>>> print(open('structure30.cif').read())   # mmCIF, C-alpha atoms
data_query
loop_
_atom_site.label_atom_id
_atom_site.label_comp_id
_atom_site.auth_asym_id
_atom_site.auth_seq_id
_atom_site.Cartn_x
_atom_site.Cartn_y
_atom_site.Cartn_z
CA MET C 1 82.23 144.47 134.51
CA GLU C 2 84.80 142.04 135.79
CA ALA C 3 85.45 144.32 138.72
CA VAL C 4 81.75 144.34 139.58
CA LYS C 5 81.57 140.54 139.55
CA ALA C 6 84.69 140.28 141.70
CA ALA C 7 83.26 142.74 144.21
CA ALA C 8 80.04 140.74 144.50
CA ALA C 9 81.90 137.59 145.55
CA VAL C 10 83.70 139.16 148.52
CA ASN C 11 82.87 138.14 152.10
CA GLY C 12 82.89 141.68 153.42
CA ALA C 13 82.34 141.11 157.14
CA ASP C 14 85.22 138.65 157.41
CA LEU C 15 87.58 140.82 155.37
CA VAL C 16 86.84 143.91 157.43
CA ARG C 17 87.28 141.98 160.71
CA ARG C 18 90.70 140.80 159.53
CA CYS C 19 91.64 144.30 158.39
CA ARG C 20 90.73 145.77 161.76
CA ALA C 21 92.92 143.17 163.39
CA GLY C 22 95.81 144.42 161.23
CA ASP C 23 95.96 141.71 158.56
CA GLY C 24 97.69 143.26 155.53
CA ALA C 25 96.59 140.49 153.16
CA ALA C 26 92.93 141.24 153.90
CA TRP C 27 93.41 144.93 153.11
CA GLU C 28 95.26 144.02 149.92
CA GLU C 29 92.29 141.86 148.90
CA ILE C 30 89.92 144.79 149.40
CA VAL C 31 92.20 147.07 147.38
CA SER C 32 92.59 144.62 144.50
CA THR C 33 88.86 143.82 144.44
CA PHE C 34 87.56 147.37 144.36
CA SER C 35 90.37 149.54 142.98
CA ARG C 36 89.55 149.01 139.31
CA ARG C 37 85.89 149.81 139.78
CA ILE C 38 86.64 152.94 141.82
CA PHE C 39 89.32 154.05 139.36
CA ASN C 40 86.88 153.73 136.45
CA LEU C 41 84.23 155.70 138.31
CA ALA C 42 86.78 158.41 139.09
CA PHE C 43 87.88 158.51 135.46
CA ARG C 44 84.30 159.07 134.26
CA PHE C 45 84.11 162.18 136.40
CA THR C 46 87.63 163.49 135.84
CA SER C 47 88.40 162.36 132.26
CA SER C 48 92.03 162.21 133.31
CA VAL C 49 94.07 159.15 134.23
CA GLU C 50 96.31 161.10 136.62
CA ALA C 51 93.40 162.81 138.39
CA ALA C 52 91.50 159.52 138.60
CA GLU C 53 94.59 157.84 140.03
CA ASP C 54 94.98 160.50 142.73
CA LEU C 55 91.29 160.38 143.51
CA THR C 56 91.30 156.58 143.81
CA GLN C 57 94.19 156.81 146.23
CA GLU C 58 92.34 159.41 148.33
CA VAL C 59 89.22 157.26 148.37
CA PHE C 60 91.17 154.27 149.67
CA ILE C 61 92.83 156.33 152.39
CA ARG C 62 89.38 157.41 153.53
CA ILE C 63 88.07 153.86 153.37
CA TYR C 64 91.00 152.61 155.42
CA LYS C 65 90.37 155.23 158.09
CA THR C 66 86.65 154.52 158.32
CA LEU C 67 86.69 150.72 158.15
CA GLY C 68 85.77 150.68 161.84
CA GLN C 69 82.40 152.25 160.98
CA TYR C 70 81.42 149.41 158.66
CA ASP C 71 78.50 147.40 160.00
CA ALA C 72 77.77 144.19 158.10
CA LYS C 73 74.14 144.29 159.27
CA GLN C 74 73.48 147.49 157.31
CA GLY C 75 74.47 146.03 153.94
CA ASP C 76 77.32 144.26 152.26
CA LEU C 77 80.82 145.67 151.95
CA SER C 78 80.53 146.35 148.23
CA ASN C 79 77.52 148.65 148.69
CA TRP C 80 79.04 150.45 151.68
CA LEU C 81 82.36 150.94 149.99
CA MET C 82 80.97 152.08 146.64
CA ARG C 83 78.58 154.50 148.38
CA LEU C 84 81.51 156.02 150.20
CA ALA C 85 83.55 156.17 146.98
CA ARG C 86 80.71 157.80 145.02
CA ASN C 87 80.22 160.43 147.73
CA LEU C 88 83.90 161.33 147.73
CA ILE C 89 84.23 161.35 143.94
CA ILE C 90 81.10 163.50 143.49
CA ASP C 91 82.28 165.91 146.22
CA ASP C 92 85.63 166.19 144.47
CA TYR C 93 83.94 166.72 141.11
CA ARG C 94 81.74 169.51 142.50
CA HIS C 95 84.75 171.08 144.18
CA ARG C 96 86.73 171.04 140.93
CA GLN C 97 83.82 172.60 139.06
CA ARG C 98 83.69 175.43 141.58
CA ASN C 99 87.49 175.86 141.41
CA PRO C 100 88.46 175.29 137.80
CA GLN C 101 92.10 176.24 138.41
CA ASN C 102 92.47 173.07 140.45
CA THR C 103 91.28 170.83 137.70
CA MET C 104 93.69 168.19 136.55
CA ALA C 105 91.59 167.12 133.58
CA GLU C 106 93.57 166.73 130.42
CA ASP C 107 92.23 167.01 126.93
CA VAL C 108 90.35 163.79 126.34
CA GLU C 109 91.61 163.75 122.76
CA GLU C 110 95.12 163.18 124.05
CA HIS C 111 94.15 160.35 126.30
CA THR C 112 94.89 156.86 125.15
CA PHE C 113 92.50 154.15 126.17
CA HIS C 114 93.83 150.75 127.02
CA LEU C 115 90.69 148.76 126.51
CA LYS C 116 90.87 145.07 127.00
CA ALA C 117 90.39 143.03 123.86
CA VAL C 118 87.59 140.52 124.36
CA GLY C 119 87.78 138.88 120.99
CA GLY C 120 86.83 139.97 117.51
CA SER C 121 88.93 141.59 114.87
CA MET C 122 91.37 144.43 115.40
CA GLN C 123 89.09 146.73 113.45
CA LYS C 124 86.18 146.03 115.80
CA GLU C 125 88.42 146.64 118.75
CA MET C 126 89.48 149.96 117.29
CA GLU C 127 85.85 150.89 116.71
CA ARG C 128 85.01 150.07 120.31
CA ARG C 129 87.86 152.21 121.53
CA GLU C 130 86.75 155.04 119.34
CA THR C 131 83.13 154.77 120.55
CA ALA C 132 84.27 154.69 124.18
CA ARG C 133 86.47 157.75 123.63
CA GLN C 134 83.64 159.63 121.96
CA VAL C 135 81.11 158.71 124.65
CA GLN C 136 83.47 159.99 127.35
CA GLU C 137 84.04 163.14 125.30
CA GLY C 138 80.27 163.58 124.95
CA ILE C 139 79.75 163.10 128.70
CA ASP C 140 82.47 165.68 129.41
CA LYS C 141 80.53 168.26 127.43
CA LEU C 142 77.43 167.92 129.60
CA PRO C 143 76.76 170.53 132.30
CA THR C 144 77.90 169.45 135.79
CA ASP C 145 74.52 168.52 137.26
CA LEU C 146 73.35 166.65 134.17
CA ARG C 147 76.66 164.82 133.84
CA THR C 148 76.53 163.56 137.44
CA CYS C 149 73.02 162.19 136.98
CA VAL C 150 73.76 160.55 133.61
CA ILE C 151 76.89 158.83 134.95
CA LEU C 152 75.07 157.57 138.04
CA ARG C 153 72.04 156.33 136.10
CA ASP C 154 73.39 155.04 132.77
CA LEU C 155 76.94 154.05 133.70
CA GLU C 156 76.66 153.16 137.38
CA GLU C 157 73.08 151.92 136.91
CA LEU C 158 71.82 153.31 140.22
CA SER C 159 68.07 153.51 140.81
CA TYR C 160 66.32 156.89 141.04
CA GLN C 161 66.01 156.43 144.80
CA GLU C 162 69.72 155.70 145.22
CA ILE C 163 70.59 158.85 143.28
CA VAL C 164 68.16 160.86 145.42
CA GLU C 165 69.90 159.62 148.57
CA LEU C 166 73.37 160.19 147.17
CA LEU C 167 72.85 163.70 145.81
CA LYS C 168 70.27 164.74 148.42
CA ILE C 169 67.95 166.34 145.88
CA PRO C 170 64.22 165.66 145.21
CA GLU C 171 63.24 162.73 143.00
CA GLY C 172 61.57 165.02 140.47
CA THR C 173 64.83 166.93 140.03
CA VAL C 174 66.76 163.69 139.58
CA LYS C 175 64.33 162.46 136.91
CA SER C 176 64.35 165.75 135.07
CA ARG C 177 68.17 165.94 135.10
CA ILE C 178 68.48 162.38 133.82
CA ASN C 179 65.98 163.13 131.07
CA ARG C 180 67.65 166.38 130.07
CA GLY C 181 71.11 164.80 130.33
CA ARG C 182 70.16 161.90 128.06
CA ILE C 183 68.69 164.23 125.46
CA GLU C 184 71.71 166.54 125.53
CA LEU C 185 74.09 163.58 125.32
CA ALA C 186 72.15 162.15 122.37
CA LYS C 187 72.34 165.50 120.58
CA ILE C 188 76.08 165.78 121.26
CA LEU C 189 76.69 162.24 120.04
CA ARG C 190 74.57 162.94 116.96
CA ARG C 191 76.74 165.96 116.14
CA MET C 192 79.79 163.76 116.65
CA ARG C 193 78.17 161.17 114.36
CA VAL C 194 78.33 158.49 117.06
CA VAL C 195 74.58 157.87 116.87
CA ASN C 196 73.10 158.17 113.42
CA MET C 197 69.93 156.87 111.85
CA MET N 1 26.49 139.21 74.59
CA ASN N 2 24.35 136.80 76.51
CA TYR N 3 25.87 133.46 77.52
CA GLN N 4 22.85 131.38 78.27
CA ASP N 5 24.59 128.27 77.09
CA GLU N 6 27.86 127.26 78.73
CA LYS N 7 29.06 125.94 75.40
CA ASN N 8 29.21 129.47 74.11
CA ILE N 9 32.15 130.49 76.35
CA ASP N 10 35.76 129.73 75.49
CA CYS N 11 39.08 130.50 77.21
CA SER N 12 39.38 134.03 75.85
CA GLY N 13 35.80 134.75 76.89
CA PHE N 14 36.63 133.42 80.39
CA GLU N 15 39.59 135.74 80.71
CA GLU N 16 37.49 138.65 79.45
CA HIS N 17 34.90 138.11 82.20
CA LEU N 18 37.21 136.98 84.96
CA THR N 19 37.36 140.28 86.89
CA ASP N 20 33.63 140.82 86.69
CA TYR N 21 33.09 137.22 87.76
CA LEU N 22 35.26 137.68 90.86
CA ASP N 23 33.54 140.98 91.66
CA GLY N 24 30.16 139.21 91.32
CA VAL N 25 28.71 141.73 88.88
CA LEU N 26 27.89 139.38 85.96
CA GLU N 27 24.38 138.43 84.96
CA ARG N 28 23.22 135.14 86.40
CA GLY N 29 23.48 133.19 83.12
CA THR N 30 26.90 134.56 82.25
CA HIS N 31 28.11 133.91 85.81
CA LYS N 32 27.04 130.27 85.53
CA ALA N 33 28.70 129.91 82.12
CA VAL N 34 32.02 131.30 83.44
CA ALA N 35 31.85 129.01 86.51
CA ALA N 36 31.10 125.99 84.32
CA HIS N 37 34.07 126.80 82.06
CA ALA N 38 36.38 127.09 85.06
CA LEU N 39 35.33 123.63 86.17
CA ARG N 40 35.80 122.17 82.71
CA CYS N 41 39.08 123.81 81.69
CA PRO N 42 42.09 123.07 83.95
CA LEU N 43 44.09 126.05 82.63
CA CYS N 44 41.32 128.52 83.34
CA HIS N 45 40.66 126.86 86.72
CA SER N 46 44.31 127.39 87.65
CA LEU N 47 44.18 130.99 86.43
CA LEU N 48 41.11 131.66 88.54
CA ASN N 49 42.85 130.32 91.68
CA GLU N 50 45.96 132.38 91.02
CA VAL N 51 44.02 135.59 90.60
CA LYS N 52 42.01 134.85 93.76
CA ALA N 53 45.22 134.25 95.75
CA ALA N 54 46.79 137.43 94.41
CA LEU N 55 43.75 139.47 95.40
CA GLU N 56 43.84 138.03 98.94
CA VAL N 57 47.49 139.05 99.33
CA CYS N 58 46.68 142.54 98.10
CA HIS N 59 43.88 142.84 100.69
CA GLU N 60 46.22 141.74 103.48
CA ILE N 61 48.99 144.23 102.74
CA ALA N 62 46.51 147.02 102.26
CA VAL N 63 45.62 146.91 105.99
CA PRO N 64 47.96 149.26 107.93
CA LYS N 65 49.74 147.48 110.81
CA GLN N 66 51.23 150.57 112.47
CA PRO N 67 49.51 151.80 115.63
CA LEU N 68 49.58 155.40 114.50
CA THR N 69 50.06 156.47 110.92
CA LYS N 70 51.23 159.87 109.87
CA LEU N 71 47.89 160.50 108.20
CA GLU N 72 45.97 159.64 111.35
CA ALA N 73 48.24 161.88 113.41
CA ARG N 74 47.80 164.70 110.91
CA ILE N 75 44.02 164.38 110.97
CA LEU N 76 43.98 164.46 114.77
CA ALA N 77 46.33 167.44 114.83
CA VAL N 78 44.01 169.37 112.51
CA THR N 79 40.74 168.36 114.14
CA MET N 80 42.00 168.55 117.77
CA PRO N 81 44.68 171.24 117.75
CA GLU N 82 44.32 171.74 121.52
CA THR N 83 45.92 168.31 122.12
CA ALA N 84 49.10 169.14 120.15
CA MET N 85 52.30 168.90 122.18
CA PRO N 86 55.12 171.47 121.97
CA CYS N 87 58.69 170.21 121.39
CA ALA N 88 59.86 171.21 124.89
CA GLU N 89 57.07 169.20 126.52
CA PHE N 90 57.86 166.29 124.21
CA GLU N 91 61.47 166.26 125.44
CA ASP N 92 60.37 166.55 129.08
CA TYR N 93 58.38 163.33 128.81
CA LEU N 94 60.94 161.33 126.83
CA THR N 95 62.35 159.29 129.73
CA ASP N 96 58.89 158.70 131.19
CA TYR N 97 57.79 157.45 127.76
CA MET N 98 60.74 155.08 127.54
CA ASP N 99 60.14 153.86 131.10
CA GLY N 100 56.46 153.29 130.28
CA PHE N 101 55.20 155.73 132.92
CA LEU N 102 53.09 157.99 130.70
CA PRO N 103 49.30 157.90 131.20
CA ALA N 104 47.32 156.87 128.09
CA ALA N 105 46.20 160.34 126.98
CA LEU N 106 49.67 161.81 127.33
CA PHE N 107 51.20 158.75 125.68
CA HIS N 108 49.09 159.25 122.54
CA ARG N 109 49.81 162.99 122.38
CA TRP N 110 53.53 162.21 122.74
CA GLU N 111 53.47 159.60 119.97
CA ARG N 112 51.54 161.93 117.69
CA HIS N 113 54.20 164.60 118.14
CA ALA N 114 56.94 162.01 117.48
CA VAL N 115 55.26 161.09 114.18
CA LEU N 116 54.51 164.62 113.01
CA CYS N 117 57.43 166.77 114.17
CA GLU N 118 60.36 166.42 111.79
CA LYS N 119 62.71 167.96 114.33
CA CYS N 120 61.81 165.48 117.07
CA THR N 121 61.03 162.33 115.15
CA ASP N 122 64.59 160.94 115.33
CA LEU N 123 65.25 162.01 118.91
CA PRO N 124 63.85 158.92 120.75
CA GLY N 125 65.94 156.59 118.57
CA GLU N 126 69.03 158.71 119.14
CA VAL N 127 68.53 158.70 122.90
CA VAL N 128 68.14 154.91 122.90
CA ARG N 129 71.33 154.53 120.85
CA SER N 130 73.13 156.98 123.09
CA ILE N 131 72.18 154.93 126.19
CA ALA N 132 73.35 151.81 124.35
CA ALA N 133 76.67 153.56 123.61
CA CYS N 134 77.00 154.38 127.33
CA TYR N 135 76.40 150.74 128.13
CA THR N 136 79.10 149.66 125.65
CA TYR N 137 81.44 152.18 127.24
CA LYS N 138 80.59 150.85 130.71
CA MET N 139 81.43 147.30 129.65
CA ASP N 140 84.91 148.35 128.55
CA GLU N 141 86.63 149.18 131.79
CA LEU N 142 90.00 150.82 131.90
CA PRO N 143 92.70 148.69 133.49
CA LEU N 144 94.38 149.99 136.63
CA PRO N 145 97.41 152.16 135.88
CA GLU N 146 100.66 150.42 136.69
CA GLY N 147 101.82 151.03 140.23
CA LEU N 148 98.52 152.38 141.59
CA HIS N 149 97.90 149.24 143.60
CA ALA N 150 101.28 149.51 145.28
CA LYS N 151 100.83 153.25 145.84
CA ILE N 152 97.53 152.69 147.65
CA LEU N 153 99.07 150.04 149.91
CA GLN N 154 102.04 152.30 150.63
CA THR N 155 99.89 155.28 151.62
CA THR N 156 97.44 153.26 153.71
CA ILE N 157 99.47 150.59 155.55
CA GLY N 158 102.96 151.93 154.92
CA THR N 159 104.24 148.95 152.93
CA GLU N 160 103.76 147.46 149.50
CA ASN N 161 104.27 143.96 150.83
CA ALA N 162 100.90 143.64 152.54
CA LYS N 163 101.13 139.89 153.04
CA ALA N 164 104.08 140.34 155.37
CA MET N 165 101.88 142.38 157.69
CA LYS N 166 100.29 139.85 160.06
CA ALA N 167 97.68 140.59 162.69
CA SER N 168 98.85 140.12 166.31
CA TRP N 169 97.15 137.47 168.47
CA ASN N 170 95.80 140.11 170.82
CA SER N 171 94.12 142.08 168.08
CA GLN N 172 92.79 138.90 166.44
CA ILE N 173 91.21 137.78 169.73
CA GLY N 174 89.89 141.29 170.32
CA GLU N 175 88.22 141.35 166.92
CA TRP N 176 86.87 137.84 167.44
CA ILE N 177 85.26 138.82 170.73
CA ARG N 178 83.94 142.00 169.16
CA SER N 179 82.29 140.01 166.38
CA TRP N 180 80.60 137.73 168.94
CA SER N 181 79.51 140.42 171.40
CA PHE N 182 75.76 140.47 171.96
CA PRO N 183 74.38 143.69 170.62
CA ILE N 184 71.12 145.27 171.72
CA LEU N 185 69.38 145.11 168.35
CA VAL N 186 66.74 147.71 169.15
CA PRO N 187 68.04 150.74 171.08
CA GLN N 188 64.66 151.14 172.83
CA PHE N 189 65.31 147.86 174.65
CA ALA N 190 68.30 149.30 176.49
CA PRO N 191 66.25 150.72 179.47
CA VAL N 192 64.36 147.41 179.71
CA ALA N 193 67.63 145.51 179.89
CA MET N 194 68.89 147.91 182.58
CA MET N 195 65.70 147.47 184.65
CA PHE N 196 65.98 143.70 184.37
CA ILE N 197 69.57 143.71 185.62
CA PHE N 198 68.61 146.07 188.48
CA ALA N 199 65.65 143.84 189.48
CA VAL N 200 67.89 140.75 189.58
CA PHE N 201 70.34 142.64 191.75
CA ILE N 202 67.65 143.78 194.24
CA LEU N 203 66.08 140.32 194.45
CA ALA N 204 69.47 138.71 194.97
CA GLN N 205 70.13 141.09 197.86
CA THR N 206 66.73 140.72 199.58
CA ILE N 207 65.56 137.15 198.97
CA SER N 208 68.76 135.22 198.68
CA ALA N 209 70.31 133.98 201.92
CA ASP N 210 73.85 134.65 200.84
CA GLY N 211 73.21 137.45 198.34
CA SER N 212 73.93 135.22 195.33
CA ILE N 213 71.69 134.39 192.38
CA SER N 214 71.79 130.67 193.28
CA GLY N 215 70.54 131.55 196.77
CA MET N 216 67.67 133.46 195.23
CA TYR N 217 66.88 130.45 193.08
CA GLN N 218 66.95 128.15 196.13
CA LYS N 219 64.64 130.43 198.12
CA SER N 220 62.16 130.66 195.26
CA PHE N 221 61.98 126.85 195.22
CA GLU N 222 61.21 126.79 198.94
CA LEU N 223 58.51 129.42 198.55
CA ALA N 224 56.97 127.52 195.66
CA GLU N 225 56.91 124.32 197.71
CA GLN N 226 55.34 126.12 200.67
CA THR N 227 52.68 127.66 198.45
CA TYR N 228 51.91 124.27 196.95
CA GLN N 229 51.49 122.67 200.38
CA GLN N 230 49.13 125.44 201.50
CA GLY N 231 47.07 125.06 198.37
CA ALA N 232 46.95 121.27 198.72
CA GLY N 233 45.89 121.62 202.38
CA ILE N 234 43.01 123.95 201.54
CA LEU N 235 41.80 121.65 198.80
CA GLY N 236 41.99 118.65 201.18
CA GLY N 237 39.78 120.47 203.77
CA GLU N 238 42.60 121.01 206.17
CA ASN N 239 42.22 124.16 208.22
CA ALA N 240 45.16 126.41 208.35
CA GLN N 241 44.52 126.95 212.08
CA GLN N 242 44.92 123.24 212.74
CA ASN N 243 48.48 123.51 211.56
CA PRO N 244 49.90 126.45 213.45
CA ASN N 245 53.41 125.53 212.30
CA ARG N 246 52.51 126.32 208.72
CA GLU N 247 52.67 130.02 207.98
CA PRO N 248 50.74 131.54 205.08
CA VAL N 249 52.89 132.86 202.26
CA GLN N 250 53.32 136.59 202.55
CA GLY N 251 53.83 139.12 199.79
CA THR N 252 57.32 140.15 200.85
CA PHE N 253 60.11 137.91 201.95
CA VAL N 254 63.05 138.97 203.90
CA ASN N 255 66.38 137.35 204.09
CA GLU N 256 66.05 134.61 206.68
CA GLY N 257 69.46 135.28 208.02
CA ASN N 258 68.41 138.74 209.23
#
>>> encode(input="structure30.cif", output="C-alpha cells")
Amino acid sequence: MEAVKAAAAVNGADLVRRCRAGDGAAWEEIVSTFSRRIFNLAFRFTSSVEAAEDLTQEVFIRIYKTLGQYDAKQGDLSNWLMRLARNLIIDDYRHRQRNPQNTMAEDVEEHTFHLKAVGGSMQKEMERRETARQVQEGIDKLPTDLRTCVILRDLEELSYQEIVELLKIPEGTVKSRINRGRIELAKILRRMRVVNM
Amino acid sequence: MNYQDEKNIDCSGFEEHLTDYLDGVLERGTHKAVAAHALRCPLCHSLLNEVKAALEVCHEIAVPKQPLTKLEARILAVTMPETAMPCAEFEDYLTDYMDGFLPAALFHRWERHAVLCEKCTDLPGEVVRSIAACYTYKMDELPLPEGLHAKILQTTIGTENAKAMKASWNSQIGEWIRSWSFPILVPQFAPVAMMFIFAVFILAQTISADGSISGMYQKSFELAEQTYQQGAGILGGENAQQNPNREPVQGTFVNEGN
C-alpha cells in the first residue's frame, strides 16, 4: 500500500523528461518508486521470490527502453507504467503455463514471508503472515485464467473494463471468470480452514 | 361467581381474573370490579402494569424481522417449484448478487436458494471472507529483496551509482525544447495547417512588394485605405468618374514592382 501511495505522488512528466535527457537520479527515483509494487505483482503471479525478482528486472529494462513512448497527455506515469508491467507479467505468466519446464516457481510452503510489522502483538503478526501465505497458496491452486482475473480484480483492484482492455477478452467472460475464481478460491480457503463460519 | 359489588373482590381474586381481564373476556360487572380493585390496591396495580409490559415485549419479539424466513422460502419452493434455482445457477449469479446487479425476481429466487440449500447457504459468507483475506494479503506487501534495486540500475543504465550520471546540457536543452514544441492536437487539422502556410506563402509572393510577410501586411493596409476612400466617396455623392485618378479596387492585385 505504501508503494501505491508513493507512486501516486510522482510528477511523471518531469521525471520522464529528465530520464530522456540522461539524468540517472530521475531514473533511480522511478525505480525506487515503482519497484516494490511491480515486484509484489510479479510475486502474486509467480509465487517465487527469485522468479519475481527476474521478472521485475525484465519489466524495468522494457520500461527504460520505451520511456520515449510515454505521453503525459494520455495519462499519468503510474498508470502507464503499471499497465506496461501488468502486460509483461501476464504474458510471462501465460508463457510459463504453456511451458511448465521453464517455471521457476518454488513450493510456496518453503517460502518465507518478510511482512512488515505494523504494530500489534507478535502473535497477531504471525497470524497475518500465516493468512497471507495461505491466501497465496490458495491463489496458486486456481486455474490460470481464473487466477489472472482474481489477482487483477481483488488484489490489483482493477475495474471490469480495465481487465477487459488488459486481457482483450469480452466483459461477460471477465465477469464469469472473476465469479468462478472467487467461488473456487473461497472453497479452497474453506478446505484450508482460512475462512470458516 | 358474580362480582356485582367491587367490595367482593380481593387480591387473590384479582390475580385469578387478571388474564381474562387483560383479554377482555370477563362479564361487565366482574370487569368493573377487577378494574376498581386495581385502582384501589397499589400492589395489584403494579402487578397489572408489569403483566401488560411483559405482554407488549412478547408481541414485539414475536414479529419476524428477517426479510425471508426459512419457512417462507420453503412454502414458496413447494407452491412455486418452477422458480427454484439450481446450485450451478446460484453460483453463477453470486458476484452479481454481491455487486447489487440482480433484477428483483432473480434476486428473490437467489436468496430463497441461499436460505434453503444447505450446500450453498454458507458460500456467500465464505466468498466475502475470502475477498477480505485477499485484501489483507494485498495490504501486506513484500519488501524488495536486497540488491534488486542495484541490479535494475546496473542492467538499465550500466551503473549502480545513478546520481553520478548527469544529463548533458545539449540533451537537457533538447528535452526542454521538445516539451515546449507546439503539437497539432487533432491530427485532422494537419492539412488545414498546411493549406494555411501555403496560402501565406502565395500571398507573400504575389501581393507583397518585396516578397516578405511585412510587405504583404503593408499592401493590405493600402488596399484597405483605398477601399475606405472609395466607399466614403460614394456615400458623399462623389462620382467615381469625377476622380479619374482614383481606381476602383479590383479582385486581384499584382505586385506593383512588376
>>> resolve_selection(input="structure30.cif", expression="the PyMOL selection byres ((chain C) within 6 of (chain N))", output="list in words")
Met1, Ala21, Gly22, Asp23, Gly24, Ala25, Arg36, Gln57, Ile61, Leu115, Ala132, Leu155, Asn179 and Ala186 of chain C
>>> axis_aligned_box(input="structure30.cif", around="range 166-179 of chain N", padding_each_side="6 Å", output="AutoDock Vina command-line options")
--center_x 91.3 --center_y 139.8 --center_z 165.4 --size_x 30.0 --size_y 16.6 --size_z 22.8
>>> residues_around(input="structure30.cif", residues="range 158-161 of chain C", least_positions_apart="4", cutoff="9 Å", atoms="only C-alpha atoms", output="count of residues only")
8
>>> atom_distance(input="structure30.cif", atom1="CA of Cys58 in chain N", atom2="CA of Leu22 in chain N")
14.4 Å
>>> closest_residue(input="structure30.cif", among="C:Gly75, C:Lys124, C:Ser48, C:Arg86", to="Phe60 in chain C", atoms="only C-alpha atoms")
C:Arg86
>>> closest_residue(input="structure30.cif", among="C:Val195, C:Leu77, C:Leu41, C:Ala26", to="Glu157 in chain C", atoms="only C-alpha atoms")
C:Leu41
>>> atom_distance(input="structure30.cif", atom1="CA of Leu84 in chain C", atom2="CA of Ala42 in chain C")
12.5 Å
>>> resolve_selection(input="structure30.cif", expression="the PyMOL selection byres ((chain C and resi 66) around 12)", output="VMD selection string")
(chain C and resid 16 19 to 20 59 to 65 67 to 71 80 to 81 84 to 85) or (chain N and resid 156)
>>> atom_distance(input="structure30.cif", atom1="CA of Glu130 in chain C", atom2="CA of Val194 in chain C")
9.4 Å
>>> closest_residue(input="structure30.cif", among="N:Ile234, N:Asp99, N:Ser12, N:Met80", to="Arg112 in chain N", atoms="all atoms listed in the file")
N:Met80
>>> residues_around(input="structure30.cif", residues="Thr83 in chain N", least_positions_apart="3", cutoff="10 Å", atoms="only C-alpha atoms", output="list in words")
Leu76, Ala77, Val78, Thr79, Met80, Pro86, Ala105, Leu106, His108, Arg109, Trp110, Arg112 and His113 of chain N
>>> residues_around(input="structure30.cif", residues="range 136-139 of chain C", least_positions_apart="5", cutoff="10 Å", atoms="only C-alpha atoms", output="ChimeraX atom specification")
/C:43-45,47,107-109,130-131,144,146-148,150-151,181-182,184-192,194 /N:130,134,137
>>> decode(input="structure30.cif", residues="range 193-205 of chain N", atoms="N, CA and C atoms", output="PDB file, in the first residue's frame")
ATOM      1  N   ALA N 193      -3.547  23.181 -41.491  1.00  0.00           N
ATOM      2  CA  ALA N 193      -2.342  23.951 -41.157  1.00  0.00           C
ATOM      3  C   ALA N 193      -1.443  24.091 -42.380  1.00  0.00           C
ATOM      4  N   MET N 194      -1.333  22.998 -43.163  1.00  0.00           N
ATOM      5  CA  MET N 194      -0.501  23.027 -44.377  1.00  0.00           C
ATOM      6  C   MET N 194      -1.059  24.035 -45.381  1.00  0.00           C
ATOM      7  N   MET N 195      -2.386  24.030 -45.560  1.00  0.00           N
ATOM      8  CA  MET N 195      -3.030  24.944 -46.524  1.00  0.00           C
ATOM      9  C   MET N 195      -2.833  26.398 -46.094  1.00  0.00           C
ATOM     10  N   PHE N 196      -2.900  26.624 -44.789  1.00  0.00           N
ATOM     11  CA  PHE N 196      -2.716  27.976 -44.270  1.00  0.00           C
ATOM     12  C   PHE N 196      -1.300  28.472 -44.567  1.00  0.00           C
ATOM     13  N   ILE N 197      -0.323  27.639 -44.319  1.00  0.00           N
ATOM     14  CA  ILE N 197       1.080  28.018 -44.572  1.00  0.00           C
ATOM     15  C   ILE N 197       1.286  28.287 -46.073  1.00  0.00           C
ATOM     16  N   PHE N 198       0.689  27.426 -46.917  1.00  0.00           N
ATOM     17  CA  PHE N 198       0.816  27.576 -48.368  1.00  0.00           C
ATOM     18  C   PHE N 198       0.172  28.886 -48.839  1.00  0.00           C
ATOM     19  N   ALA N 199      -0.992  29.217 -48.273  1.00  0.00           N
ATOM     20  CA  ALA N 199      -1.707  30.442 -48.645  1.00  0.00           C
ATOM     21  C   ALA N 199      -0.867  31.672 -48.279  1.00  0.00           C
ATOM     22  N   VAL N 200      -0.274  31.646 -47.093  1.00  0.00           N
ATOM     23  CA  VAL N 200       0.570  32.771 -46.663  1.00  0.00           C
ATOM     24  C   VAL N 200       1.751  32.934 -47.621  1.00  0.00           C
ATOM     25  N   PHE N 201       2.302  31.806 -48.025  1.00  0.00           N
ATOM     26  CA  PHE N 201       3.448  31.842 -48.935  1.00  0.00           C
ATOM     27  C   PHE N 201       3.055  32.456 -50.286  1.00  0.00           C
ATOM     28  N   ILE N 202       1.920  32.027 -50.844  1.00  0.00           N
ATOM     29  CA  ILE N 202       1.459  32.535 -52.147  1.00  0.00           C
ATOM     30  C   ILE N 202       1.165  34.029 -52.058  1.00  0.00           C
ATOM     31  N   LEU N 203       0.457  34.432 -50.998  1.00  0.00           N
ATOM     32  CA  LEU N 203       0.101  35.846 -50.843  1.00  0.00           C
ATOM     33  C   LEU N 203       1.358  36.711 -50.684  1.00  0.00           C
ATOM     34  N   ALA N 204       2.308  36.177 -49.949  1.00  0.00           N
ATOM     35  CA  ALA N 204       3.558  36.931 -49.746  1.00  0.00           C
ATOM     36  C   ALA N 204       4.279  37.133 -51.070  1.00  0.00           C
ATOM     37  N   GLN N 205       4.182  36.138 -51.953  1.00  0.00           N
ATOM     38  CA  GLN N 205       4.877  36.227 -53.233  1.00  0.00           C
ATOM     39  C   GLN N 205       4.138  37.108 -54.239  1.00  0.00           C
TER      40      GLN N 205
END
